[in-house]
Amino acid sequence: MTITQLHYVLAVAEHQNFTKAAEKCFVTQPTLSMQIQKLEDQLSILIFDRSKKPIELTNVGKKIVNQAKNIVNEANRIQDIVDQQKGFIGGEFKLGIIPTIMPTLLPMFLKTFIKKYPKVKLKIEELTTEEIISRINDGHLDAAIAATPLENENIKERVIFYEPFVGYIPKHHRLNSKKKIDISDLDINDMLLLEDGHCFRDGVINLCKSFKNHNVDKFQLESGSIEMLVKLSNEGLGMTLLPYLHTLDIKEREIINLHYFNEPSPAREVSIIYHKSELKMQIIEALQDVISGIIRGAIAFQDVKIISPLPK
């Protein structure tokens, strides 16, 4: 049994196809098939049921795949130990970022990080929290930046910063005359929200439900982007809440529509998250240091109330 064979098994388990798995492993399909067959012969079992389309794992194959993930992770840890001993920070690093953080945070730190750590090859994807958790657990992401806490036993979290919510309240809205607003002022029935699947949406719902028992089925207008929520709000279709960093890009003529909360301001916790196996920690720590250093000067709020991104 070899680590290479286990890599091949994991690739077939993921893609449910020998040809696609071979392409991902940069080997020929006969080579990959031969090595998996050799492993099955050695163990005297079948890992895959080849009669099914797509290919499926056998019952024992599922157990082998779970163990193979652990073995491959531990094998990768050896290289991590060597890199840390040498003080090397480099190599490929796959990072996921949720949609409501990506457009504001990434431009703030990416250039600085690349300049400081030129040997790190970042591969960045915009993914939902659900997709991120799945990919971290499957070993397809090294880390991610997301709203926390997630309460997932397989994932560790390191808080980077707390990002306050800011009200975007257009002219003629019932709250427009208030210089500062309270959480108790919010009414879920005149709130524009992101579409389902965004944790920021869930945070806003949790915020409103903590004070009033509103019927969330009454939502009529939802959007896939925060920028669209601002446009809809400008059309008089309701108010919305923005993550603080998004307010830094608000047009000058729209700044008048920003209304801050009385302290403690509702806020979301933003963390870098990674698998409990703690691989590539030197790069994770480098990312945390760079982002924390940059964000410290951008967010000056002192007293905040953390709102859970998890639906209640």
# chains A, B, ... in the order shown; residues from 1 in each chain; ligands from 1
>>> residues_around(residues="Ile47 in chain A", least_positions_apart="5", cutoff="6 Å", atoms="only C-alpha atoms", output="compact mmCIF listing (two decimals) with C-alpha atoms, in the first residue's frame")
# COMPACT_ATOMS: atom_id res chain seq x y z
CA LEU A 57 -17.93 2.96 -3.13
CA THR A 58 -18.64 -0.39 -1.55
CA GLY A 61 -14.70 1.15 0.44
>>> residues_around(residues="Ile256 in chain A", least_positions_apart="3", cutoff="9 Å", atoms="only C-alpha atoms", output="list in words")
Tyr168, Ile169, Pro170, Glu252, Arg253 and His259 of chain A
>>> write_last_selection(atoms="all heavy atoms", output="compact mmCIF listing (two decimals), in the first residue's frame")
# COMPACT_ATOMS: atom_id res chain seq x y z
N TYR A 168 -28.58 50.96 6.04
CA TYR A 168 -28.68 51.79 4.83
C TYR A 168 -30.16 52.14 4.68
O TYR A 168 -30.98 51.29 4.31
CB TYR A 168 -28.16 51.06 3.60
CG TYR A 168 -28.09 51.97 2.38
CD1 TYR A 168 -26.95 52.75 2.15
CD2 TYR A 168 -29.15 52.08 1.50
CE1 TYR A 168 -26.88 53.60 1.05
CE2 TYR A 168 -29.09 52.92 0.41
CZ TYR A 168 -27.96 53.69 0.19
OH TYR A 168 -27.89 54.54 -0.89
N ILE A 169 -30.48 53.41 5.01
CA ILE A 169 -31.87 53.82 5.13
C ILE A 169 -32.14 54.98 4.17
O ILE A 169 -31.62 56.08 4.36
CB ILE A 169 -32.19 54.24 6.58
CG1 ILE A 169 -31.80 53.11 7.55
CG2 ILE A 169 -33.66 54.61 6.72
CD1 ILE A 169 -31.92 53.49 9.01
N PRO A 170 -32.94 54.75 3.14
CA PRO A 170 -33.17 55.79 2.12
C PRO A 170 -34.12 56.89 2.59
O PRO A 170 -34.77 56.78 3.64
CB PRO A 170 -33.80 55.00 0.97
CG PRO A 170 -34.55 53.90 1.66
CD PRO A 170 -33.70 53.53 2.86
N GLU A 252 -20.42 58.98 -2.66
CA GLU A 252 -20.49 60.15 -1.78
C GLU A 252 -21.92 60.65 -1.59
O GLU A 252 -22.32 61.01 -0.49
CB GLU A 252 -19.61 61.28 -2.35
CG GLU A 252 -19.49 62.47 -1.41
CD GLU A 252 -18.50 63.51 -1.92
OE1 GLU A 252 -17.79 63.22 -2.91
OE2 GLU A 252 -18.46 64.60 -1.33
N ARG A 253 -22.70 60.62 -2.66
CA ARG A 253 -24.08 61.13 -2.56
C ARG A 253 -24.99 60.20 -1.75
O ARG A 253 -26.09 60.58 -1.36
CB ARG A 253 -24.67 61.33 -3.96
CG ARG A 253 -24.89 60.06 -4.75
CD ARG A 253 -25.58 60.35 -6.08
NE ARG A 253 -25.83 59.16 -6.86
CZ ARG A 253 -24.99 58.62 -7.71
NH1 ARG A 253 -23.80 59.19 -7.92
NH2 ARG A 253 -25.31 57.53 -8.39
N HIS A 259 -26.67 54.84 8.44
CA HIS A 259 -27.07 55.12 9.83
C HIS A 259 -26.42 54.07 10.72
O HIS A 259 -26.68 52.87 10.58
CB HIS A 259 -28.60 55.06 9.98
CG HIS A 259 -29.31 56.16 9.26
ND1 HIS A 259 -29.94 57.21 9.91
CD2 HIS A 259 -29.48 56.41 7.93
CE1 HIS A 259 -30.47 58.02 9.02
NE2 HIS A 259 -30.21 57.55 7.81
>>> select_by_dssp(residues="range 71-300 of chain A", states="helix (DSSP H, G or I)", output="count of residues only")
95
>>> residues_around(residues="Leu150 in chain A", least_positions_apart="2", cutoff="8 Å", atoms="only C-alpha atoms", output="short mmCIF file (atom, residue, chain, number, x, y, z; two decimals) with N, CA and C atoms, in the first residue's frame")
data_model
loop_
_atom_site.label_atom_id
_atom_site.label_comp_id
_atom_site.auth_asym_id
_atom_site.auth_seq_id
_atom_site.Cartn_x
_atom_site.Cartn_y
_atom_site.Cartn_z
N ALA A 147 -17.80 34.03 8.15
CA ALA A 147 -18.42 34.50 9.39
C ALA A 147 -18.54 33.32 10.35
N THR A 148 -18.21 33.57 11.60
CA THR A 148 -18.23 32.52 12.61
C THR A 148 -19.02 33.01 13.83
N ASN A 152 -18.63 23.65 14.18
CA ASN A 152 -18.35 22.41 13.46
C ASN A 152 -17.14 21.76 14.10
N PRO A 309 -24.08 33.83 12.69
CA PRO A 309 -24.46 33.64 11.28
C PRO A 309 -25.31 32.41 11.09
N LEU A 310 -25.50 31.63 12.15
CA LEU A 310 -26.26 30.38 12.04
C LEU A 310 -27.74 30.65 12.19
#
>>> select_by_dssp(residues="range 99-265 of chain A", states="strand (DSSP E)", output="MDAnalysis selection string")
chainID A and resid 120:126 143:148 155:168 180:181 193:194 222:223 240:243 258:261 265
>>> atom_distance(atom1="CA of Ala21 in chain A", atom2="CA of Gln79 in chain A")
23.9 Å
>>> closest_residue(among="A:Asp249, A:Glu130, A:Glu151, A:Asp83", to="Ile98 in chain A", atoms="only C-alpha atoms")
A:Glu130
>>> atom_distance(atom1="CA of Pro99 in chain A", atom2="CA of Gly139 in chain A")
20.8 Å
>>> closest_residue(among="A:Glu263, A:Asp303, A:Asp289, A:Glu235", to="Phe109 in chain A", atoms="only C-alpha atoms")
A:Asp289
>>> closest_residue(among="A:Ile307, A:Ile36, A:Ile45, A:Ala75", to="Ile3 in chain A", atoms="only C-alpha atoms")
A:Ala75
>>> residues_around(residues="Ala146 in chain A", least_positions_apart="5", cutoff="8 Å", atoms="only C-alpha atoms", output="ChimeraX atom specification")
/A:97-98,101,129,270-273
>>> residues_around(residues="Tyr162 in chain A", least_positions_apart="6", cutoff="7 Å", atoms="only C-alpha atoms", output="short mmCIF file (atom, residue, chain, number, x, y, z; two decimals) with all heavy atoms, in the first residue's frame")
data_model
loop_
_atom_site.label_atom_id
_atom_site.label_comp_id
_atom_site.auth_asym_id
_atom_site.auth_seq_id
_atom_site.Cartn_x
_atom_site.Cartn_y
_atom_site.Cartn_z
N ALA A 267 -22.68 43.14 15.18
CA ALA A 267 -21.52 42.87 14.32
C ALA A 267 -21.41 41.38 14.04
O ALA A 267 -21.98 40.55 14.74
CB ALA A 267 -20.24 43.38 15.00
N ARG A 268 -20.67 41.06 13.01
CA ARG A 268 -20.37 39.66 12.73
C ARG A 268 -18.91 39.38 13.04
O ARG A 268 -18.05 40.25 12.87
CB ARG A 268 -20.70 39.29 11.28
CG ARG A 268 -19.90 40.02 10.21
CD ARG A 268 -20.23 39.46 8.85
NE ARG A 268 -19.60 40.23 7.76
CZ ARG A 268 -19.70 39.90 6.48
NH1 ARG A 268 -20.41 38.85 6.11
NH2 ARG A 268 -19.11 40.63 5.55
N GLU A 269 -18.66 38.18 13.46
CA GLU A 269 -17.30 37.72 13.74
C GLU A 269 -16.74 37.13 12.45
O GLU A 269 -17.36 36.27 11.85
CB GLU A 269 -17.36 36.67 14.84
CG GLU A 269 -16.03 36.08 15.25
CD GLU A 269 -16.22 35.03 16.33
OE1 GLU A 269 -16.22 35.40 17.52
OE2 GLU A 269 -16.39 33.84 15.97
N VAL A 270 -15.58 37.59 12.02
CA VAL A 270 -14.95 37.09 10.79
C VAL A 270 -13.66 36.37 11.17
O VAL A 270 -12.80 36.93 11.86
CB VAL A 270 -14.65 38.23 9.80
CG1 VAL A 270 -13.93 37.69 8.56
CG2 VAL A 270 -15.95 38.93 9.39
#
>>> atom_distance(atom1="CA of His198 in chain A", atom2="CA of Thr128 in chain A")
6.7 Å
>>> residues_around(residues="Ala143 in chain A", least_positions_apart="3", cutoff="9 Å", atoms="only C-alpha atoms", output="list in words")
Phe93, Lys94, Leu95, Gly96, Ile97, Ile132, Ile136, Ile272, Ile273, Tyr274, His275 and Ile284 of chain A
>>> closest_residue(among="A:Lys156, A:Lys171, A:Lys180, A:Lys38", to="Ser277 in chain A", atoms="only C-alpha atoms")
A:Lys156
